[in-house]
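Novice: Sending over a structure as structure tokens; questions will come in a sec.
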Amino acid sequence: MTLGQFGSEIEMTLHDWLHICWAGVPRDPANGMPQPWARPPSDFSERWFVQANDFLGDPFSSHVNPVFWGFHGWIDERIDDWYDAHQMAHPGEVQRAELNGVHWFAKGKWVEIDDPWLGPVSHDCAEGPGMWIDKSVEKDLDVMKLALRVTVLERGELGDNLNQAKLRPWYARNLPGMQQA
Ligand SMILES: [Cu+2]
């Protein structure tokens, strides 16, 4: 099993189950009322930003919950199990490597991607002037919110959100009912 296959298996099964296993009842922070469907994905009202909103079933809030860090650390350690299993079956076929300061693995038979994640330089430390030729958008919250609205809202609820989105590439401009100038 390649590292990518292993990652997808873990992500879609154990990882997701652990989120839901430890998730409490989602509540509206304004009044404590249970919200069966939790925060609507496109709702960024101020009240959801309170620390009490640490619902593990929503990527918006799950990282606020200390349990989140516990089981993600545990999942990270399963990567060593994957490495140990390969070492037992065919020693040396997986090579350790350091990438962007992170202990990882070199591209090879069992590791298909040699640049697997953006790394810290493209995230929190990337905002200094002159760091990038183009503007980094990872921390552009308005762009993220717009992208989420376009992704999750029904077409009838989109309003002018779509018009605010960047022009799509030519091959994606003719989806039915969503003509973009
Ligand atoms: Cu997670």
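Scheme for the structure tokens: letters A, B, ... for chains in order shown; per-chain residue numbers from 1; ligand numbers from 1 in order shown.
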Would you write out, as CSV, a table of all residues in chain A that have an atom no more than 10 Å from an atom of ligand 1, listing for each the closest atom pair and the distance in Å to one decimal, considering only C-alpha atoms and all ligand atoms and ordering rows by chain and rising residue number?
Specialist:
```
residue,atom,partner,partner_atom_place_in_ligand_line,distance
A:Glu11,CA,ligand 1,1 (Cu),7.8
A:Leu14,CA,ligand 1,1 (Cu),9.8
A:His15,CA,ligand 1,1 (Cu),6.0
A:Asp16,CA,ligand 1,1 (Cu),6.7
A:Trp17,CA,ligand 1,1 (Cu),9.5
A:Leu18,CA,ligand 1,1 (Cu),8.0
A:His19,CA,ligand 1,1 (Cu),6.3
A:Ile20,CA,ligand 1,1 (Cu),9.8
A:Leu56,CA,ligand 1,1 (Cu),8.3
A:Gly57,CA,ligand 1,1 (Cu),8.9
A:Asp58,CA,ligand 1,1 (Cu),9.3
A:Pro59,CA,ligand 1,1 (Cu),7.6
A:Ser62,CA,ligand 1,1 (Cu),7.6
A:His63,CA,ligand 1,1 (Cu),8.0
A:Phe68,CA,ligand 1,1 (Cu),6.8
A:Trp69,CA,ligand 1,1 (Cu),8.7
A:Phe71,CA,ligand 1,1 (Cu),8.2
A:His72,CA,ligand 1,1 (Cu),6.4
A:Ile75,CA,ligand 1,1 (Cu),9.3
```
Novice: Output as a VMD selection string all residues of region 1-180 of chain A that backbone DSSP marks as helix (DSSP H, G or I).
Specialist: chain A and resid 3 to 22 46 to 49 62 to 64 66 to 89 120 to 122 141 to 152 155 to 157 161 to 164 170 to 172
Novice: Find the spatial neighbours of region 140-147 of chain A, counting only C-alpha atoms, within a cut-off of 8 Å - ignore same-chain residues fewer than 5 positions away - and output them as number ranges by chain.
Specialist: A: 42, 44, 161, 164-165
Novice: Just list the residues in region 10-169 of chain A DSSP gives strand (DSSP E) on the backbone, as a ChimeraX atom specification.
Specialist: /A:96-99,102-105
Novice: Work out how far CA of Arg39 (chain A) is from CA of Gly159 (chain A), in Å to one decimal.
Specialist: 20.1 Å
